[in-house]
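A.B. asks: What follows is run.csv, made up of CSV, C-alpha atoms:
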chain,number,residue,atom,x,y,z
A,1,MET,CA,-128.7,149.0,266.0
A,2,LYS,CA,-125.8,148.2,268.2
A,3,LEU,CA,-125.1,150.4,271.3
A,4,ASN,CA,-122.3,150.3,273.8
A,5,GLU,CA,-124.7,149.0,276.4
A,6,ARG,CA,-122.1,148.5,279.0
A,7,SER,CA,-121.1,152.1,278.8
A,8,LEU,CA,-124.8,153.1,279.1
A,9,ALA,CA,-125.3,150.9,282.1
A,10,PHE,CA,-122.1,152.3,283.6
A,11,TYR,CA,-123.3,155.9,283.1
A,12,ALA,CA,-126.7,155.0,284.6
A,13,THR,CA,-125.2,153.3,287.7
A,14,CYS,CA,-121.9,155.1,288.4
A,15,ASP,CA,-121.8,157.5,291.3
A,16,SER,CA,-122.0,160.7,289.3
A,17,PRO,CA,-124.9,162.6,290.7
A,18,ALA,CA,-128.3,162.2,289.0
A,19,ASP,CA,-130.4,165.2,288.0
A,20,ASN,CA,-133.5,163.5,289.3
A,21,ALA,CA,-134.4,160.1,290.6
A,22,GLY,CA,-137.5,158.4,291.9
A,23,PHE,CA,-140.3,156.0,291.3
A,24,LEU,CA,-142.7,156.6,288.4
A,25,TYR,CA,-145.3,154.5,286.8
A,26,LYS,CA,-144.7,153.8,283.2
A,27,ARG,CA,-147.5,152.9,280.9
A,28,GLY,CA,-146.8,149.8,278.8
A,29,GLU,CA,-146.5,150.1,275.0
A,30,ARG,CA,-149.1,147.6,274.0
A,31,HIS,CA,-151.1,147.2,277.1
A,32,THR,CA,-152.2,150.1,279.1
A,33,ALA,CA,-151.2,148.8,282.4
A,34,TYR,CA,-148.8,150.9,284.4
A,35,HIS,CA,-145.6,149.4,285.8
A,36,ARG,CA,-143.7,151.0,288.7
A,37,ARG,CA,-140.1,151.5,287.9
A,38,TRP,CA,-137.1,153.3,289.4
A,39,PHE,CA,-136.2,156.2,287.1
A,40,VAL,CA,-132.8,158.0,287.0
A,41,LEU,CA,-132.2,161.1,285.0
A,42,LYS,CA,-128.6,161.9,284.1
A,43,GLY,CA,-127.9,164.5,281.5
A,44,ASN,CA,-130.1,163.9,278.5
A,45,MET,CA,-130.7,160.2,279.4
A,46,LEU,CA,-133.6,158.9,281.3
A,47,PHE,CA,-132.8,155.4,282.6
A,48,TYR,CA,-135.3,153.1,284.2
A,49,PHE,CA,-134.8,150.1,286.4
A,50,GLU,CA,-137.0,147.3,287.5
A,51,GLU,CA,-136.1,148.1,291.0
A,52,ARG,CA,-134.1,150.7,292.8
A,53,GLU,CA,-131.4,148.1,293.7
A,54,SER,CA,-131.2,146.7,290.1
A,55,ARG,CA,-127.7,146.8,288.8
A,56,GLU,CA,-128.6,147.5,285.2
A,57,PRO,CA,-131.3,149.6,283.7
A,58,VAL,CA,-134.0,147.8,281.7
A,59,GLY,CA,-134.4,150.7,279.4
A,60,VAL,CA,-133.4,154.3,278.5
A,61,ILE,CA,-135.1,157.2,276.8
A,62,VAL,CA,-132.8,159.7,275.1
A,63,LEU,CA,-134.3,163.1,275.7
A,64,GLU,CA,-133.5,164.9,272.4
A,65,GLY,CA,-136.1,166.4,270.1
A,66,CYS,CA,-139.0,165.6,272.5
A,67,THR,CA,-141.6,167.6,274.3
A,68,VAL,CA,-142.8,167.0,277.8
A,69,GLU,CA,-146.5,167.6,278.4
A,70,LEU,CA,-149.0,167.2,281.1
A,71,CYS,CA,-151.6,164.6,280.4
A,72,ASP,CA,-155.3,164.8,280.5
A,73,SER,CA,-155.9,161.4,281.9
A,74,ALA,CA,-158.0,159.4,284.3
A,75,GLU,CA,-154.8,158.5,286.0
A,76,GLU,CA,-153.5,161.2,288.4
A,77,PHE,CA,-150.3,163.1,288.0
A,78,THR,CA,-149.6,161.8,284.5
A,79,PHE,CA,-147.3,163.5,282.0
A,80,ALA,CA,-145.9,162.4,278.6
A,81,ILE,CA,-142.6,162.5,276.8
A,82,ARG,CA,-143.6,162.9,273.2
A,83,PHE,CA,-141.3,162.5,270.2
A,84,GLY,CA,-142.0,163.8,266.7
A,85,GLY,CA,-142.0,161.6,263.7
A,86,ALA,CA,-144.4,159.0,262.4
A,87,LYS,CA,-142.9,155.9,264.0
A,88,SER,CA,-142.2,157.6,267.3
A,89,ARG,CA,-143.5,156.5,270.6
A,90,THR,CA,-145.0,158.6,273.3
A,91,TYR,CA,-144.0,157.6,276.9
A,92,VAL,CA,-146.7,158.1,279.4
A,93,LEU,CA,-145.6,158.4,283.0
A,94,ALA,CA,-147.3,158.9,286.3
A,95,ALA,CA,-145.9,160.3,289.4
A,96,GLU,CA,-147.0,159.6,293.0
A,97,SER,CA,-147.8,163.2,293.9
A,98,GLN,CA,-148.3,166.7,292.4
A,99,ALA,CA,-145.0,167.8,293.7
A,100,ALA,CA,-143.1,164.9,292.2
A,101,MET,CA,-144.9,165.4,288.9
A,102,GLU,CA,-143.9,169.0,288.7
A,103,SER,CA,-140.4,168.2,289.7
A,104,TRP,CA,-140.1,165.6,286.9
A,105,VAL,CA,-141.7,167.7,284.2
A,106,LYS,CA,-139.4,170.6,285.0
A,107,SER,CA,-136.2,168.5,285.0
A,108,LEU,CA,-137.2,166.6,281.9
A,109,SER,CA,-138.0,169.7,280.0
A,110,ARG,CA,-134.5,171.0,280.5
A,111,ALA,CA,-132.7,167.7,280.0
A,112,SER,CA,-131.7,168.0,276.4
A,113,PHE,CA,-128.2,168.4,275.2
A,114,ASP,CA,-129.4,171.3,273.0
A,115,TYR,CA,-130.7,173.1,276.0
A,116,MET,CA,-127.5,172.7,277.9
A,117,ARG,CA,-125.5,173.8,274.9
A,118,LEU,CA,-127.7,176.9,274.6
A,119,VAL,CA,-127.1,177.9,278.2
A,120,VAL,CA,-123.3,177.2,277.9
A,121,ARG,CA,-123.0,179.4,274.8
A,122,GLU,CA,-125.0,182.2,276.4
A,123,LEU,CA,-122.7,182.2,279.4
A,124,GLU,CA,-119.6,182.0,277.2
A,125,LYS,CA,-120.8,184.9,275.3
A,126,GLN,CA,-121.5,186.9,278.4
A,127,LEU,CA,-118.0,186.2,279.7
A,128,GLU,CA,-116.3,187.2,276.5
A,129,GLU,CA,-118.3,190.4,276.3
A,130,MET,CA,-117.5,191.3,279.9
A,131,ARG,CA,-113.8,191.0,279.2
A,132,TRP,CA,-114.0,193.6,276.5
A,133,ARG,CA,-116.1,196.1,278.3
A,134,PRO,CA,-114.5,198.7,280.5
A,135,ALA,CA,-114.7,198.0,284.3
A,136,GLY,CA,-118.1,198.3,285.8
A,137,GLY,CA,-119.9,196.8,282.9
A,138,CYS,CA,-122.5,194.9,284.8
A,139,GLY,CA,-125.3,196.7,283.3
A,140,GLY,CA,-123.9,195.8,279.9
A,141,GLN,CA,-124.9,192.2,280.4
A,142,GLN,CA,-128.5,192.9,279.6
A,143,GLU,CA,-127.7,194.2,276.2
A,144,SER,CA,-125.9,191.1,275.2
A,145,LEU,CA,-128.8,188.7,275.5
A,146,GLY,CA,-130.3,189.3,272.1
A,147,SER,CA,-133.9,188.8,271.3
A,148,TRP,CA,-136.2,187.0,273.6
A,149,LYS,CA,-138.6,184.5,272.5
A,150,LEU,CA,-140.7,182.3,274.6
A,151,LYS,CA,-139.8,178.7,274.3
A,152,PRO,CA,-142.7,176.4,273.6
A,153,SER,CA,-142.3,174.2,276.7
A,154,GLY,CA,-146.0,174.0,277.6
A,155,PRO,CA,-146.0,172.8,281.1
A,156,GLU,CA,-143.2,175.1,282.2
A,157,GLN,CA,-145.3,178.1,281.4
A,158,SER,CA,-147.9,177.0,283.9
A,159,LEU,CA,-145.4,176.1,286.5
A,160,GLU,CA,-143.5,179.3,286.4
A,161,ARG,CA,-143.1,182.3,284.3
A,162,VAL,CA,-139.6,182.1,283.0
A,163,PRO,CA,-138.0,184.3,280.4
A,164,ALA,CA,-136.7,181.9,277.8
A,165,LEU,CA,-133.1,182.0,276.6
A,166,PRO,CA,-132.7,183.6,273.2
A,167,ALA,CA,-134.0,181.2,270.6
A,168,ILE,CA,-131.3,182.4,268.2
A,169,LEU,CA,-128.1,180.7,268.8
A,170,PRO,CA,-125.2,183.1,269.1
A,171,LYS,CA,-122.5,183.0,266.5
A,172,GLU,CA,-120.0,180.3,267.1
A,173,ASN,CA,-117.1,182.5,268.1
A,174,GLY,CA,-118.6,185.9,268.5
A,175,CYS,CA,-116.3,187.3,265.8
A,176,ALA,CA,-118.0,190.6,265.6
A,177,VAL,CA,-116.7,191.6,269.1
A,178,TRP,CA,-113.2,190.5,268.5
A,179,ASN,CA,-112.6,192.1,265.1
A,180,ASN,CA,-112.7,195.6,266.5
A,181,VAL,CA,-110.0,195.2,269.0
A,182,PRO,CA,-106.5,195.8,267.6
A,183,GLY,CA,-103.6,193.5,268.3
A,184,VAL,CA,-105.8,190.6,269.4
A,185,ASP,CA,-105.5,187.0,268.1
A,186,ARG,CA,-108.6,185.9,266.3
A,187,PRO,CA,-110.1,183.2,268.5
A,188,PRO,CA,-110.1,179.9,266.9
A,189,ASN,CA,-113.4,178.1,266.4
A,190,THR,CA,-113.4,176.1,269.5
A,191,SER,CA,-116.9,176.5,270.8
A,192,GLY,CA,-118.8,173.3,270.5
A,193,CYS,CA,-118.0,171.3,267.5
A,194,SER,CA,-117.1,172.5,264.1
A,195,ARG,CA,-120.2,171.0,262.7
A,196,HIS,CA,-123.2,173.0,261.5
A,197,ASP,CA,-125.2,174.3,264.3
A,198,GLY,CA,-128.6,173.5,262.9
A,199,GLU,CA,-129.8,177.1,262.9
A,200,GLY,CA,-128.5,177.9,259.5
A,201,ASN,CA,-125.8,180.2,260.8
A,202,PRO,CA,-122.8,180.5,258.5
A,203,ARG,CA,-119.8,178.4,259.4
A,204,PRO,CA,-117.2,180.4,261.3
A,205,PRO,CA,-114.0,181.4,259.6
A,206,PRO,CA,-111.3,178.7,259.2
A,207,LEU,CA,-108.8,178.1,261.9
A,208,PRO,CA,-105.6,180.2,261.9
A,209,PRO,CA,-102.6,178.3,260.6
A,210,ARG,CA,-101.1,177.3,264.0
A,211,ARG,CA,-103.2,176.6,266.9
A,212,ARG,CA,-102.0,176.4,270.4
A,213,ALA,CA,-102.8,173.0,271.9
A,214,LEU,CA,-105.6,173.2,274.4
A,215,SER,CA,-104.1,173.0,277.9
A,216,SER,CA,-106.4,170.3,279.0
A,217,GLU,CA,-106.7,166.6,278.2
A,218,ALA,CA,-110.1,166.8,279.8
A,219,GLY,CA,-111.9,163.8,278.3
A,220,SER,CA,-114.3,162.9,280.8
A,221,THR,CA,-112.2,163.5,283.8
A,222,GLY,CA,-110.3,166.6,285.0
A,223,GLU,CA,-111.3,170.1,285.6
A,224,ALA,CA,-113.6,172.1,283.5
A,225,VAL,CA,-111.7,174.7,281.4
A,226,ALA,CA,-112.9,177.7,279.4
A,227,GLU,CA,-113.6,176.5,275.8
A,228,SER,CA,-111.4,178.8,273.8
A,229,PRO,CA,-107.6,179.1,274.3
A,230,SER,CA,-107.9,182.9,274.1
A,231,SER,CA,-110.3,183.2,276.9
A,232,PHE,CA,-108.2,180.7,278.9
A,233,CYS,CA,-105.3,183.1,278.2
A,234,ARG,CA,-107.2,186.0,279.7
A,235,LEU,CA,-108.1,184.0,282.7
A,236,HIS,CA,-104.5,182.8,283.1
A,237,GLU,CA,-103.4,186.4,282.9
A,238,ARG,CA,-105.9,187.5,285.5
A,239,TYR,CA,-105.0,184.7,287.9
A,240,GLY,CA,-101.4,185.6,287.3
A,241,ARG,CA,-102.1,189.2,288.3
A,242,GLU,CA,-103.9,188.0,291.4
A,243,VAL,CA,-101.0,185.8,292.3
A,244,ALA,CA,-98.5,188.6,291.8
A,245,GLN,CA,-100.6,190.9,294.0
A,246,LEU,CA,-100.7,188.2,296.7
A,247,GLN,CA,-97.0,187.8,296.5
A,248,GLN,CA,-96.4,191.5,296.8
A,249,ASP,CA,-98.8,191.7,299.8
A,250,TRP,CA,-97.0,188.9,301.5
A,251,LEU,CA,-93.6,190.4,300.9
A,252,GLU,CA,-94.7,193.7,302.3
A,253,ARG,CA,-96.1,192.0,305.4
A,254,ARG,CA,-92.8,190.2,305.9
A,255,ARG,CA,-90.9,193.4,305.7
A,256,GLY,CA,-93.0,194.7,308.5
A,257,PRO,CA,-94.5,198.1,309.0
A,258,ARG,CA,-92.5,200.9,307.4
A,259,PRO,CA,-90.7,203.2,309.8
B,1,ALA,CA,-107.8,144.2,262.7
B,2,VAL,CA,-109.5,145.0,259.5
B,3,LEU,CA,-110.3,148.6,258.7
B,4,LYS,CA,-113.8,149.2,257.4
B,5,LYS,CA,-114.9,152.3,255.8
B,6,ARG,CA,-117.8,154.0,257.7
B,7,LEU,CA,-119.7,157.1,257.6
B,8,VAL,CA,-119.5,158.6,261.1
B,9,LYS,CA,-121.8,161.2,262.6
B,10,LEU,CA,-121.5,163.0,265.8
B,11,VAL,CA,-125.0,164.0,267.1
B,12,VAL,CA,-125.2,165.4,270.6
B,13,ASN,CA,-123.3,163.0,272.8
B,14,PHE,CA,-123.6,160.0,270.5
B,15,LEU,CA,-121.3,158.9,267.7
B,16,PHE,CA,-123.3,157.1,265.0
B,17,TYR,CA,-121.7,154.9,262.4
B,18,PHE,CA,-123.1,153.8,259.1
B,19,ARG,CA,-122.1,151.6,256.2
B,20,THR,CA,-121.4,154.1,253.5
B,21,ASP,CA,-124.4,153.1,251.4
B,22,GLU,CA,-127.0,152.7,254.1
B,23,ALA,CA,-129.4,155.2,255.6
B,24,GLU,CA,-129.8,153.4,259.0
B,25,PRO,CA,-126.8,153.4,261.4
B,26,ILE,CA,-125.2,150.1,262.3
B,27,GLY,CA,-124.6,151.4,265.7
B,28,ALA,CA,-123.8,154.2,268.1
B,29,LEU,CA,-121.5,154.9,270.9
B,30,LEU,CA,-122.6,157.0,273.9
B,31,LEU,CA,-119.8,159.4,274.6
B,32,GLU,CA,-119.9,159.7,278.4
B,33,HIS,CA,-117.1,158.7,280.7
B,34,CYS,CA,-114.8,158.1,277.7
B,35,ARG,CA,-111.3,158.9,276.8
B,36,ILE,CA,-110.4,160.2,273.4
B,37,THR,CA,-106.8,159.5,272.5
B,38,LYS,CA,-104.7,160.6,269.5
B,39,GLU,CA,-102.9,157.4,268.5
B,40,GLU,CA,-100.3,157.2,265.7
B,41,GLU,CA,-100.5,158.9,262.3
B,42,ASN,CA,-104.1,160.0,261.6
B,43,VAL,CA,-105.6,157.6,264.1
B,44,PHE,CA,-107.6,158.3,267.2
B,45,SER,CA,-109.3,156.0,269.6
B,46,ILE,CA,-112.2,156.1,272.0
B,47,SER,CA,-112.2,154.0,275.1
B,48,PHE,CA,-114.5,153.8,278.1
B,49,VAL,CA,-113.8,154.1,281.8
B,50,GLU,CA,-115.4,150.7,282.6
B,51,GLU,CA,-113.4,148.9,280.0
B,52,PRO,CA,-110.2,150.9,279.3
B,53,GLU,CA,-108.4,148.2,277.3
B,54,ARG,CA,-111.0,148.1,274.6
B,55,LYS,CA,-110.3,150.8,272.1
B,56,TYR,CA,-112.5,151.8,269.2
B,57,CYS,CA,-110.0,153.0,266.6
B,58,PHE,CA,-110.7,155.4,263.8
B,59,GLU,CA,-108.4,156.2,260.9
B,60,CYS,CA,-108.8,159.6,259.3
B,61,ASP,CA,-107.8,160.8,255.8
B,62,SER,CA,-105.5,163.5,257.1
B,63,LYS,CA,-104.0,164.7,260.4
B,64,GLU,CA,-106.2,167.8,260.2
B,65,GLN,CA,-109.3,165.7,260.1
B,66,CYS,CA,-108.0,163.6,262.9
B,67,GLN,CA,-107.3,166.7,265.0
B,68,GLU,CA,-110.8,168.1,264.2
B,69,TRP,CA,-112.5,164.9,265.4
B,70,VAL,CA,-110.4,164.6,268.5
B,71,GLU,CA,-111.3,168.1,269.5
B,72,ALA,CA,-114.9,167.7,268.7
B,73,LEU,CA,-115.2,164.3,270.5
B,74,LYS,CA,-113.5,165.6,273.7
B,75,ARG,CA,-116.2,168.2,274.0
B,76,ALA,CA,-119.1,166.0,273.0
B,77,SER,CA,-120.1,164.7,276.4
B,78,TYR,CA,-123.0,166.1,278.3
B,79,GLU,CA,-120.9,166.0,281.4
B,80,PHE,CA,-118.2,168.1,279.8
B,81,MET,CA,-120.7,170.7,278.9
B,82,ARG,CA,-122.1,170.7,282.4
B,83,ARG,CA,-118.7,171.3,283.8
B,84,SER,CA,-118.1,174.2,281.4
B,85,LEU,CA,-121.4,175.7,282.4
B,86,ILE,CA,-120.6,175.5,286.1
B,87,PHE,CA,-117.1,177.0,285.4
B,88,TYR,CA,-118.5,179.9,283.4
B,89,ARG,CA,-121.2,180.5,286.0
B,90,ASN,CA,-118.7,180.7,288.7
B,91,GLU,CA,-116.4,183.0,286.7
B,92,ILE,CA,-119.3,185.4,285.9
B,93,GLN,CA,-120.4,185.3,289.5
B,94,LYS,CA,-116.9,186.2,290.7
B,95,MET,CA,-116.6,189.1,288.2
B,96,THR,CA,-120.0,190.6,288.7
B,97,GLY,CA,-121.2,189.3,292.1
B,98,LYS,CA,-124.3,188.1,290.4
B,99,ASP,CA,-125.4,184.6,289.4
B,100,PRO,CA,-126.0,184.7,285.7
B,101,LEU,CA,-128.6,181.9,285.9
B,102,GLU,CA,-130.9,183.9,288.1
B,103,GLN,CA,-132.4,185.9,285.4
B,104,TYR,CA,-133.4,182.7,283.6
B,105,GLY,CA,-135.0,181.4,286.8
B,106,ILE,CA,-132.8,178.2,286.7
B,107,SER,CA,-130.3,178.9,289.4
B,108,GLU,CA,-131.7,176.2,291.7
B,109,GLU,CA,-131.8,173.5,289.0
B,110,ALA,CA,-130.1,170.4,290.2
B,111,ARG,CA,-128.2,170.0,287.0
B,112,PHE,CA,-126.4,173.3,287.3
B,113,GLN,CA,-125.1,172.8,290.8
B,114,LEU,CA,-121.5,172.3,291.7
B,115,GLY,CA,-120.3,169.6,293.9
B,116,THR,CA,-122.4,166.8,295.5
B,117,ARG,CA,-126.0,166.5,294.7
B,118,LYS,CA,-128.4,164.1,296.3
B,119,GLN,CA,-129.1,160.9,294.3
Produce structure tokens that represent the structure in this file.

C.D. replies:
Amino acid sequence: MKLNERSLAFYATCDSPADNAGFLYKRGERHTAYHRRWFVLKGNMLFYFEERESREPVGVIVLEGCTVELCDSAEEFTFAIRFGGAKSRTYVLAAESQAAMESWVKSLSRASFDYMRLVVRELEKQLEEMRWRPAGGCGGQQESLGSWKLKPSGPEQSLERVPALPAILPKENGCAVWNNVPGVDRPPNTSGCSRHDGEGNPRPPPLPPRRRALSSEAGSTGEAVAESPSSFCRLHERYGREVAQLQQDWLERRRGPRP
Amino acid sequence: AVLKKRLVKLVVNFLFYFRTDEAEPIGALLLEHCRITKEEENVFSISFVEEPERKYCFECDSKEQCQEWVEALKRASYEFMRRSLIFYRNEIQKMTGKDPLEQYGISEEARFQLGTRKQ
């Protein structure tokens, strides 16, 4: 299968910060000898290089649909990245210390795109819900988190007791909240992609007839912006108020103290 | 350039493409550090930062379909999601004074930090 290898190599070696990096021993596929390689984790991609100074990775592991487990092995500090499926390979890695092993297991467990998307959606939901609550709604945050279910990330549970994010993905555009508020535009379906979210949730309603162009051309560069135009509008409004207030304060200061 | 009909699938930050009658993809494009551009009528292109002149062009059946793909692809990168997360995190922190990631125990995770991180 063809891959845009140059782009992969660029992603691996460009100066965007890595989520983890260090030497690990990697067990060979056919022979059980371990080879020391320089590993770089960026996003959901685990690249490995022959040496730290190598200009191109020798391989990459895409961390989707896998589990990260500690290994019961003669070799110290081993852990495995295991993929489901009959033909799939298990990657056995060994760190150089207990601390390194724990750090890698933690960062690899959270490396998937799906995990990142879950966190983004959760925060997006929180933000939207906060806008519609009356002021002082901090306590309300807790209610919005939905049902809790422990995620089956084995090693994580032994490393720290962490409440898992809700396993049920929130609805694409949180329609239920919006529908009750009079005089508000229905938010278009802008969260994530319009494809099926894999959890069997019904597709969101179709887009309204005319959709404002998103304000950002943010491909891979540029500032992060809120996903939906409506939430951007609210933000814009809020900043506008802040600016107006600042202006007023400044004008008053210029006028000097009132007689 | 000849146009070939392909089945195209966006899965996480990869764009897979297939011959229409085959189960295995011919290839995939990693969608990081790329630029999605709406070209003329119903066409969009993907180009990459390290080779900006090289454009992968796709012609859609309608301008709605084209728009849908452009929007989806612009959001498809992991790095875009990461920036969104950092943005939301900051917004919520500003509004509530609390870091929303704390309750999940992930506020110190390298991947959620703003600004420079050690390589």

A.B. asks: Please, what distance in Å, to one decimal, runs between CA of Pro52 (chain B) and CA of Lys2 (chain A)?

C.D. replies: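 Separation of CA of Pro52 (chain B) and CA of Lys2 (chain A): 19.3 Å.
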
A.B. asks: List as a PyMOL selection string the protein and nucleic acid residues near Ser47 (chain B), meaning an atom at most 7 Å away when all atoms listed in the file are counted, but skip any in the same chain fewer than 6 places from it.

C.D. replies: chain B and resi 34-36+54-56

A.B. asks: For chain A, which of B:Cys57, B:Leu31, B:Ile26, B:Val43 is the closest residue, counting only C-alpha atoms?

C.D. replies: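 Closest candidate: B:Ile26.
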
A.B. asks: CA of Asp19 (chain A) and CA of Phe113 (chain A), how far apart in Å?

C.D. replies: 13.4 Å

A.B. asks: Using only C-alpha atoms, determine which residues lie at most 8 Å from Arg82 (chain A), disregarding the query and same-chain residues fewer than 5 positions distant; provide the list as a list in words.

C.D. replies: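 Surrounding residues, per the criterion: Cys66, Thr67, Val68, Glu69, Arg89, Thr90 and Tyr91 of chain A.
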
A.B. asks: So how far away is CA of Tyr78 (chain B) from CA of Tyr104 (chain B), in Å?

C.D. replies: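 Spanning CA of Tyr104 (chain B) to CA of Tyr78 (chain B) is a straight-line distance of 20.3 Å.
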
A.B. asks: Considering only C-alpha atoms, can you say which of B:Ile46, B:Cys66, B:Ala28, B:Ile106 comes closest to chain A?

C.D. replies: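 Residue with the minimum atom-to-atom distance to chain A: B:Ala28.
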
A.B. asks: Enumerate as a ChimeraX atom specification the residues belonging to chain B that approach chain A to within 7 Å, with all atoms listed in the file taken into account.

C.D. replies: /B:12,25-30,32-36,48,50,72,74-75,78,80-81,83-85,87-89,92,96,104-105,110-111,116-119

A.B. asks: Using only C-alpha atoms for the distances, tell me which of A:Val62, A:Cys71, A:Ala33, A:Trp250 is nearest to Phe14 (chain B).

C.D. replies: A:Val62

A.B. asks: Using all atoms listed in the file, which residues sit within 9 Å of Lys38 (chain B) once same-chain residues fewer than 6 positions away are excluded, as a list in words?

C.D. replies: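 Residues near the query, excluding close chain neighbours: Phe44, Ser45, Cys66, Gln67 and Val70 of chain B.
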
A.B. asks: May I ask which of the residues A:Glu237, A:Glu102, A:Glu50, A:Asp72 is the closest one to Tyr25 (chain A), counting only C-alpha atoms?

C.D. replies: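 Nearest candidate to Tyr25 (chain A) out of A:Glu237, A:Glu102, A:Glu50, A:Asp72: A:Glu50.
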